[in-house]
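Structure file model_15.cif (mmCIF, C-alpha atoms) is printed below.
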```cif
data_run
loop_
_atom_site.label_atom_id
_atom_site.label_comp_id
_atom_site.auth_asym_id
_atom_site.auth_seq_id
_atom_site.Cartn_x
_atom_site.Cartn_y
_atom_site.Cartn_z
CA MET A 118 -20.41 -13.77 -8.61
CA LYS A 119 -20.22 -13.47 -4.83
CA LYS A 120 -18.08 -10.50 -3.84
CA LEU A 121 -15.64 -11.13 -1.02
CA LYS A 122 -16.08 -9.14 2.17
CA TYR A 123 -12.36 -9.54 2.86
CA THR A 124 -9.67 -9.98 0.22
CA PHE A 125 -5.94 -10.58 0.43
CA LYS A 126 -5.65 -6.79 -0.07
CA THR A 127 -7.47 -6.11 3.22
CA ASP A 128 -4.59 -4.69 5.24
CA THR A 129 -5.50 -6.29 8.57
CA LEU A 130 -5.86 -9.69 6.90
CA PHE A 131 -2.65 -9.20 4.91
CA LYS A 132 -0.64 -8.39 8.03
CA MET A 133 -2.22 -11.03 10.27
CA LEU A 134 -2.01 -13.85 7.72
CA PHE A 135 1.63 -13.37 6.78
CA VAL A 136 2.82 -12.73 10.34
CA GLN A 137 1.12 -15.89 11.58
CA HIS A 138 2.27 -17.92 8.56
CA GLN A 139 5.79 -16.73 7.93
CA ASP A 140 6.55 -19.77 5.78
CA LEU A 141 4.00 -18.38 3.32
CA LEU A 142 5.47 -14.88 3.64
CA LYS A 143 8.94 -16.23 2.92
CA ALA A 144 7.68 -18.06 -0.18
CA PHE A 145 5.78 -14.96 -1.33
CA VAL A 146 8.76 -12.62 -0.89
CA SER A 147 11.11 -15.00 -2.69
CA THR A 148 8.71 -14.97 -5.65
CA LEU A 149 8.35 -11.17 -5.65
CA LEU A 150 12.13 -10.68 -5.50
CA GLY A 151 12.73 -13.34 -8.15
CA ILE A 152 15.05 -15.42 -5.98
CA SER A 153 14.86 -19.07 -5.01
CA LEU A 154 13.37 -20.01 -1.66
CA GLU A 155 16.47 -22.05 -0.91
CA SER A 156 18.69 -18.98 -1.30
CA ILE A 157 17.06 -17.27 1.70
CA GLU A 158 19.38 -18.15 4.57
CA SER A 159 18.12 -15.57 7.07
CA PHE A 160 14.58 -14.22 7.37
CA LEU A 161 13.15 -12.03 10.13
CA VAL A 162 9.91 -10.04 10.43
CA VAL A 163 10.84 -6.85 12.28
CA ASN A 164 7.32 -5.55 13.04
CA PRO A 165 5.07 -8.58 13.65
CA GLU A 166 2.80 -6.88 16.17
CA ILE A 167 -0.58 -5.37 15.35
CA GLN A 168 -1.31 -2.98 18.20
CA PRO A 169 -5.09 -2.39 18.54
CA GLU A 170 -4.46 1.09 19.98
CA ASN A 171 -2.44 2.02 16.89
CA LEU A 172 -4.90 0.34 14.55
CA GLY A 173 -7.59 2.73 15.67
CA GLY A 174 -5.38 5.74 14.99
CA LYS A 175 -5.53 7.80 11.85
CA PHE A 176 -3.14 7.20 8.92
CA CYS A 177 -1.91 3.87 10.33
CA ARG A 178 0.19 1.70 7.97
CA LEU A 179 0.05 -2.09 8.10
CA ASP A 180 3.15 -2.90 6.09
CA ILE A 181 5.57 -5.75 6.85
CA HIS A 182 9.23 -4.96 7.54
CA MET A 183 11.69 -7.81 7.08
CA ILE A 184 15.38 -8.57 7.09
CA VAL A 185 16.04 -10.96 4.21
CA ASN A 186 19.63 -12.16 3.83
CA GLY A 187 20.80 -8.93 5.47
CA GLN A 188 18.64 -6.75 3.22
CA ARG A 189 15.87 -4.51 4.55
CA VAL A 190 12.61 -5.33 2.77
CA ASP A 191 9.34 -3.43 3.23
CA LEU A 192 6.18 -5.04 1.78
CA GLU A 193 3.25 -2.67 1.19
CA VAL A 194 -0.29 -3.11 -0.14
CA GLN A 195 -1.98 0.04 -1.45
CA VAL A 196 -5.62 -0.21 -2.52
CA ASN A 197 -6.59 3.41 -3.25
CA ASN A 198 -4.74 5.78 -5.54
CA GLU A 199 -4.43 8.85 -3.34
CA GLY A 200 -1.87 10.51 -5.61
CA ASP A 201 1.92 10.91 -5.41
CA TYR A 202 2.43 7.23 -4.60
CA PRO A 203 5.96 7.02 -6.11
CA GLU A 204 7.00 9.95 -3.90
CA ARG A 205 5.54 8.21 -0.85
CA VAL A 206 7.52 5.07 -1.69
CA LEU A 207 10.70 7.14 -1.94
CA LEU A 208 9.96 8.54 1.51
CA TYR A 209 9.41 5.05 2.93
CA TRP A 210 12.68 3.91 1.36
CA ALA A 211 14.62 6.94 2.62
CA LYS A 212 13.40 6.46 6.20
CA ASP A 213 14.26 2.76 6.20
CA PHE A 214 17.65 3.31 4.56
CA SER A 215 18.75 6.20 6.78
CA SER A 216 17.59 4.56 10.02
CA ALA A 217 19.83 1.53 9.40
CA LEU A 218 23.01 3.47 10.22
CA THR A 219 23.78 4.30 13.82
CA ALA A 220 26.01 7.18 14.91
CA GLY A 221 29.67 6.63 14.07
CA GLN A 222 29.11 3.75 11.65
CA ASP A 223 30.71 3.71 8.21
CA TYR A 224 28.50 4.38 5.18
CA SER A 225 29.61 1.07 3.71
CA LEU A 226 27.52 -0.65 6.38
CA LEU A 227 24.25 0.75 4.97
CA PRO A 228 22.22 -2.29 3.85
CA ARG A 229 20.43 -2.81 0.58
CA THR A 230 16.93 -1.48 1.20
CA ILE A 231 13.95 -2.62 -0.85
CA VAL A 232 10.33 -1.47 -0.96
CA ILE A 233 7.83 -3.84 -2.59
CA SER A 234 4.46 -2.31 -3.46
CA LEU A 235 1.34 -4.20 -4.52
CA VAL A 236 -1.03 -1.54 -5.86
CA ASP A 237 -4.65 -2.03 -6.85
CA PHE A 238 -4.58 0.71 -9.51
CA ARG A 239 -2.69 1.53 -12.69
CA LEU A 240 0.44 3.46 -11.82
CA PHE A 241 2.62 3.48 -14.95
CA ASP A 242 1.80 3.99 -18.61
CA CYS A 243 2.81 0.52 -19.78
CA THR A 244 1.31 -2.93 -20.22
CA GLU A 245 3.70 -4.73 -17.85
CA TYR A 246 2.35 -5.40 -14.37
CA HIS A 247 5.83 -5.67 -12.82
CA SER A 248 8.24 -2.70 -12.67
CA PHE A 249 11.63 -2.51 -10.94
CA PHE A 250 13.55 0.71 -10.32
CA GLN A 251 17.13 1.44 -9.31
CA VAL A 252 19.32 4.56 -9.50
CA LEU A 253 20.92 4.63 -12.97
CA GLU A 254 22.87 7.19 -15.02
CA THR A 255 20.46 8.41 -17.67
CA THR A 256 22.57 7.92 -20.81
CA ARG A 257 24.99 5.10 -19.94
CA HIS A 258 22.52 3.32 -17.62
CA THR A 259 25.35 2.77 -15.16
CA LEU A 260 24.15 1.65 -11.75
CA LEU A 261 24.99 4.25 -9.11
CA SER A 262 24.43 1.89 -6.18
CA ASP A 263 22.61 -1.38 -5.60
CA ARG A 264 21.44 -0.21 -2.16
CA MET A 265 18.04 0.91 -3.56
CA GLY A 266 15.43 -1.38 -5.05
CA LEU A 267 11.82 -0.37 -5.70
CA TYR A 268 9.41 -3.08 -6.91
CA PHE A 269 5.90 -2.27 -8.12
CA PHE A 270 3.20 -4.83 -8.97
CA GLU A 271 0.04 -3.36 -10.55
CA LEU A 272 -2.82 -5.75 -9.86
CA PRO A 273 -5.28 -4.39 -12.50
CA LYS A 274 -2.78 -5.37 -15.22
CA VAL A 275 -2.57 -8.98 -14.06
CA PRO A 276 -4.40 -11.28 -16.57
CA ALA A 277 -7.98 -11.98 -15.52
CA GLU A 278 -7.84 -15.69 -16.31
CA ILE A 279 -5.20 -18.22 -15.31
CA GLY A 280 -4.51 -20.79 -18.01
CA VAL A 281 -3.09 -24.28 -17.69
CA ASP A 282 0.28 -22.94 -18.82
CA ASP A 283 0.27 -20.46 -15.93
CA GLU A 284 0.13 -23.08 -13.17
CA ASP A 285 3.92 -23.04 -12.82
CA ASN A 286 4.13 -19.23 -12.85
CA MET A 287 4.22 -18.56 -9.11
CA LEU A 288 4.37 -14.78 -9.51
CA LEU A 289 1.18 -14.78 -11.56
CA LEU A 290 -0.53 -17.11 -9.08
CA TRP A 291 0.39 -14.98 -6.05
CA LEU A 292 -0.71 -11.77 -7.76
CA SER A 293 -3.96 -13.41 -8.90
CA LEU A 294 -4.62 -14.30 -5.26
CA PHE A 295 -4.27 -10.62 -4.31
CA LYS A 296 -6.27 -9.44 -7.31
CA ALA A 297 -9.22 -11.73 -6.53
CA ASN A 298 -12.37 -9.92 -5.43
CA THR A 299 -14.88 -12.78 -5.65
CA LYS A 300 -15.25 -16.23 -4.12
CA GLU A 301 -15.29 -17.75 -7.62
CA GLU A 302 -11.87 -16.28 -8.39
CA LEU A 303 -10.41 -17.80 -5.23
CA GLU A 304 -11.99 -21.17 -6.04
CA LYS A 305 -10.39 -21.16 -9.49
CA ILE A 306 -6.99 -20.78 -7.85
CA ARG A 307 -7.84 -23.50 -5.31
CA ALA A 308 -8.84 -25.85 -8.12
CA LEU A 309 -5.31 -25.70 -9.55
CA GLU A 310 -4.17 -27.64 -6.45
CA VAL A 311 -0.88 -25.79 -6.15
CA PRO A 312 0.25 -26.62 -2.57
CA VAL A 313 1.43 -23.14 -1.50
CA MET A 314 -1.72 -21.52 -2.93
CA ASN A 315 -3.96 -23.94 -1.05
CA GLN A 316 -1.97 -23.28 2.13
CA ALA A 317 -2.56 -19.54 1.67
CA LEU A 318 -6.29 -20.10 1.03
CA SER A 319 -6.62 -22.33 4.08
CA ALA A 320 -4.96 -19.65 6.20
CA TYR A 321 -7.35 -17.09 4.68
CA ASP A 322 -10.38 -19.25 5.56
CA THR A 323 -9.22 -19.69 9.16
CA ILE A 324 -8.32 -16.07 9.84
CA THR A 325 -11.40 -14.42 8.30
CA VAL A 326 -13.72 -16.25 10.72
CA SER A 327 -11.58 -15.66 13.82
CA PRO A 328 -12.88 -13.24 16.51
CA GLU A 329 -9.42 -11.64 16.74
CA PHE A 330 -9.45 -10.67 13.07
CA ARG A 331 -13.06 -9.44 13.19
CA GLU A 332 -12.23 -7.12 16.10
CA LEU A 333 -9.09 -5.80 14.41
CA GLU A 334 -11.04 -5.17 11.22
CA ARG A 335 -13.77 -3.35 13.18
CA LEU A 336 -11.15 -1.01 14.65
CA ARG A 337 -9.51 -0.58 11.27
CA GLU A 338 -12.83 0.26 9.61
CA LYS A 339 -13.46 2.90 12.28
CA ALA A 340 -9.98 4.32 11.62
CA ARG A 341 -10.70 4.49 7.87
CA HIS A 342 -13.93 6.37 8.58
CA ASP A 343 -12.16 8.78 10.95
CA GLU A 344 -9.39 9.30 8.42
CA ALA A 345 -11.89 10.11 5.66
CA GLN A 346 -13.65 12.56 7.97
CA ALA A 347 -10.32 14.21 8.89
CA LEU A 348 -9.35 14.64 5.24
CA ARG A 349 -12.80 16.01 4.36
CA HIS A 350 -12.63 18.47 7.25
CA ALA A 351 -9.15 19.60 6.18
CA ARG A 352 -10.35 20.15 2.61
CA LEU A 353 -13.35 22.16 3.82
CA GLU A 354 -11.14 24.30 6.06
CA GLY A 355 -8.77 24.94 3.18
CA ARG A 356 -11.65 25.88 0.89
CA ALA A 357 -13.11 28.24 3.53
CA GLU A 358 -9.76 30.01 3.98
CA ARG A 359 -9.43 30.38 0.21
CA ASP A 360 -12.97 31.83 -0.09
CA ILE A 361 -12.27 34.33 2.70
CA GLU A 362 -9.08 35.50 1.01
CA ILE A 363 -10.89 35.90 -2.35
CA ALA A 364 -13.72 37.79 -0.65
CA ARG A 365 -11.25 40.09 1.08
CA LYS A 366 -9.57 40.96 -2.24
CA PHE A 367 -12.90 41.51 -4.01
CA LYS A 368 -14.11 43.74 -1.18
CA SER A 369 -10.97 45.86 -1.39
CA MET A 370 -11.66 46.25 -5.12
CA GLY A 371 -15.11 47.64 -4.36
CA ILE A 372 -17.09 44.72 -5.77
CA PRO A 373 -20.66 44.64 -4.34
CA ILE A 374 -21.16 42.31 -1.37
CA GLU A 375 -24.02 40.53 -3.13
CA GLN A 376 -21.73 39.50 -6.00
CA ILE A 377 -18.97 38.44 -3.58
CA SER A 378 -21.48 36.28 -1.69
CA GLN A 379 -22.63 34.61 -4.90
CA GLY A 380 -19.05 33.92 -5.96
CA THR A 381 -17.70 32.61 -2.64
CA GLY A 382 -20.72 31.24 -0.78
CA LEU A 383 -19.97 33.47 2.24
CA THR A 384 -22.86 35.25 3.96
CA PHE A 385 -23.35 39.02 3.93
CA ASP A 386 -22.40 39.23 7.64
CA GLU A 387 -19.19 37.23 7.08
CA ILE A 388 -18.15 39.49 4.22
CA GLU A 389 -18.99 42.71 6.10
CA LYS A 390 -16.75 41.61 9.00
CA LEU A 391 -13.69 41.17 6.76
#
```

So that I can check it, write out the structure of this file as structure tokens.
Amino acid sequence: MKKLKYTFKTDTLFKMLFVQHQDLLKAFVSTLLGISLESIESFLVVNPEIQPENLGGKFCRLDIHMIVNGQRVDLEVQVNNEGDYPERVLLYWAKDFSSALTAGQDYSLLPRTIVISLVDFRLFDCTEYHSFFQVLETTRHTLLSDRMGLYFFELPKVPAEIGVDDEDNMLLLWLSLFKANTKEELEKIRALEVPVMNQALSAYDTITVSPEFRELERLREKARHDEAQALRHARLEGRAERDIEIARKFKSMGIPIEQISQGTGLTFDEIEKL
């Protein structure tokens, strides 16, 4: 099988494709939220721009913020499991929710705020690939407020093969598109001849060969490398500080410098200077 260089999970492609083809984005979001396309009366992408200068910066997010029927909706794609993802989603939600209210406005004007996450790793200990969270009382399961909605879609749990019976399951088709890592997997979806899927694949084909996308992806790749280097450097600094503190304690206890050096990796000179 021929592995794809760019997938629908590639954040620059994800952002560029759905911003340029907002009819596809609207159809995708309606499927993820489980509402009919016809029921969406107002739809606005709040952050359509991809700023090259920001793209090259560290820790840049390429999510899509929308206003859907008066609701705030944030669509995220997360490929790597870097830990504490549910807590990060809560932070995203809290920032979006709190920023909706200007000074002097009544709390009743706070809009329903939703975060949709497509994750390329197993997040919850269950077989279902779709999870939805709201704030509920733990024994009576009474809804505290409908202003929070957290949707999670775990791509590794999506069935590997699409059967004939699945052709009308738009959620499964969309998620299979994002799960696909090979050209053969995309061609299987194309062969189903579902109009919206073929529109998405045509947009994918056009964007992945465009000079604009290639340049954005080059900058993004550089940012990923810089980010990895920054995290590695931070870990090394933290480890060095920990080793120095351990060495200082051992030295005060009268442990021989040779043993301290073996245990911490610090040199004799470094330990003598403590």

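Distances here use all atoms listed in the file; by that measure, the residue among A:Trp210, A:Tyr246, A:Trp291, A:Tyr123 closest to A:Val275 is A:Tyr246.
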
For stretch 257-266 of chain A, find every residue with an atom within 12 Å (counting only C-alpha atoms), except residues of its own chain fewer than 5 positions away, and show them as number ranges by chain. A: 150, 187-191, 206-207, 209-211, 213-215, 217, 224-234, 248-252

Write out, as a short mmCIF file (atom, residue, chain, number, x, y, z; two decimals), in the coordinates of the input, the residues just selected, with C-alpha atoms.
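Saved result, out_3.cif, follows:
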```cif
data_model
loop_
_atom_site.label_atom_id
_atom_site.label_comp_id
_atom_site.auth_asym_id
_atom_site.auth_seq_id
_atom_site.Cartn_x
_atom_site.Cartn_y
_atom_site.Cartn_z
CA LEU A 150 12.13 -10.68 -5.50
CA GLY A 187 20.80 -8.93 5.47
CA GLN A 188 18.64 -6.75 3.22
CA ARG A 189 15.87 -4.51 4.55
CA VAL A 190 12.61 -5.33 2.77
CA ASP A 191 9.34 -3.43 3.23
CA VAL A 206 7.52 5.07 -1.69
CA LEU A 207 10.70 7.14 -1.94
CA TYR A 209 9.41 5.05 2.93
CA TRP A 210 12.68 3.91 1.36
CA ALA A 211 14.62 6.94 2.62
CA ASP A 213 14.26 2.76 6.20
CA PHE A 214 17.65 3.31 4.56
CA SER A 215 18.75 6.20 6.78
CA ALA A 217 19.83 1.53 9.40
CA TYR A 224 28.50 4.38 5.18
CA SER A 225 29.61 1.07 3.71
CA LEU A 226 27.52 -0.65 6.38
CA LEU A 227 24.25 0.75 4.97
CA PRO A 228 22.22 -2.29 3.85
CA ARG A 229 20.43 -2.81 0.58
CA THR A 230 16.93 -1.48 1.20
CA ILE A 231 13.95 -2.62 -0.85
CA VAL A 232 10.33 -1.47 -0.96
CA ILE A 233 7.83 -3.84 -2.59
CA SER A 234 4.46 -2.31 -3.46
CA SER A 248 8.24 -2.70 -12.67
CA PHE A 249 11.63 -2.51 -10.94
CA PHE A 250 13.55 0.71 -10.32
CA GLN A 251 17.13 1.44 -9.31
CA VAL A 252 19.32 4.56 -9.50
#
```

Find the distance between atom CA of A:Gln168 and atom CA of A:Asp322 and write it in Å to one decimal. 22.5 Å

Do you have the atom CA of A:Phe269-atom CA of A:Val194 distance handy? 10.1 Å

Atom-to-atom span, atom CA of A:Glu245 and atom CA of A:Glu302, Å: 21.6 Å

Please provide as a PyMOL selection string all residues within 12 Å of A:Ser319, with the sequence filter that same-chain residues fewer than 4 positions apart are discarded (counting only C-alpha atoms). chain A and resi 134+138+141+303-304+307+312-315+323-326

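Contact shell of A:Gln137 at 12 Å (only C-alpha atoms; same-chain neighbours under 2 positions omitted): Leu130, Phe131, Lys132, Met133, Leu134, Phe135, Gln139, Asp140, Leu141, Leu142, Lys143, Val162, Pro165, Glu166, Ile167, Ala317, Ala320, Tyr321, Thr323, Ile324 and Phe330 of chain A.
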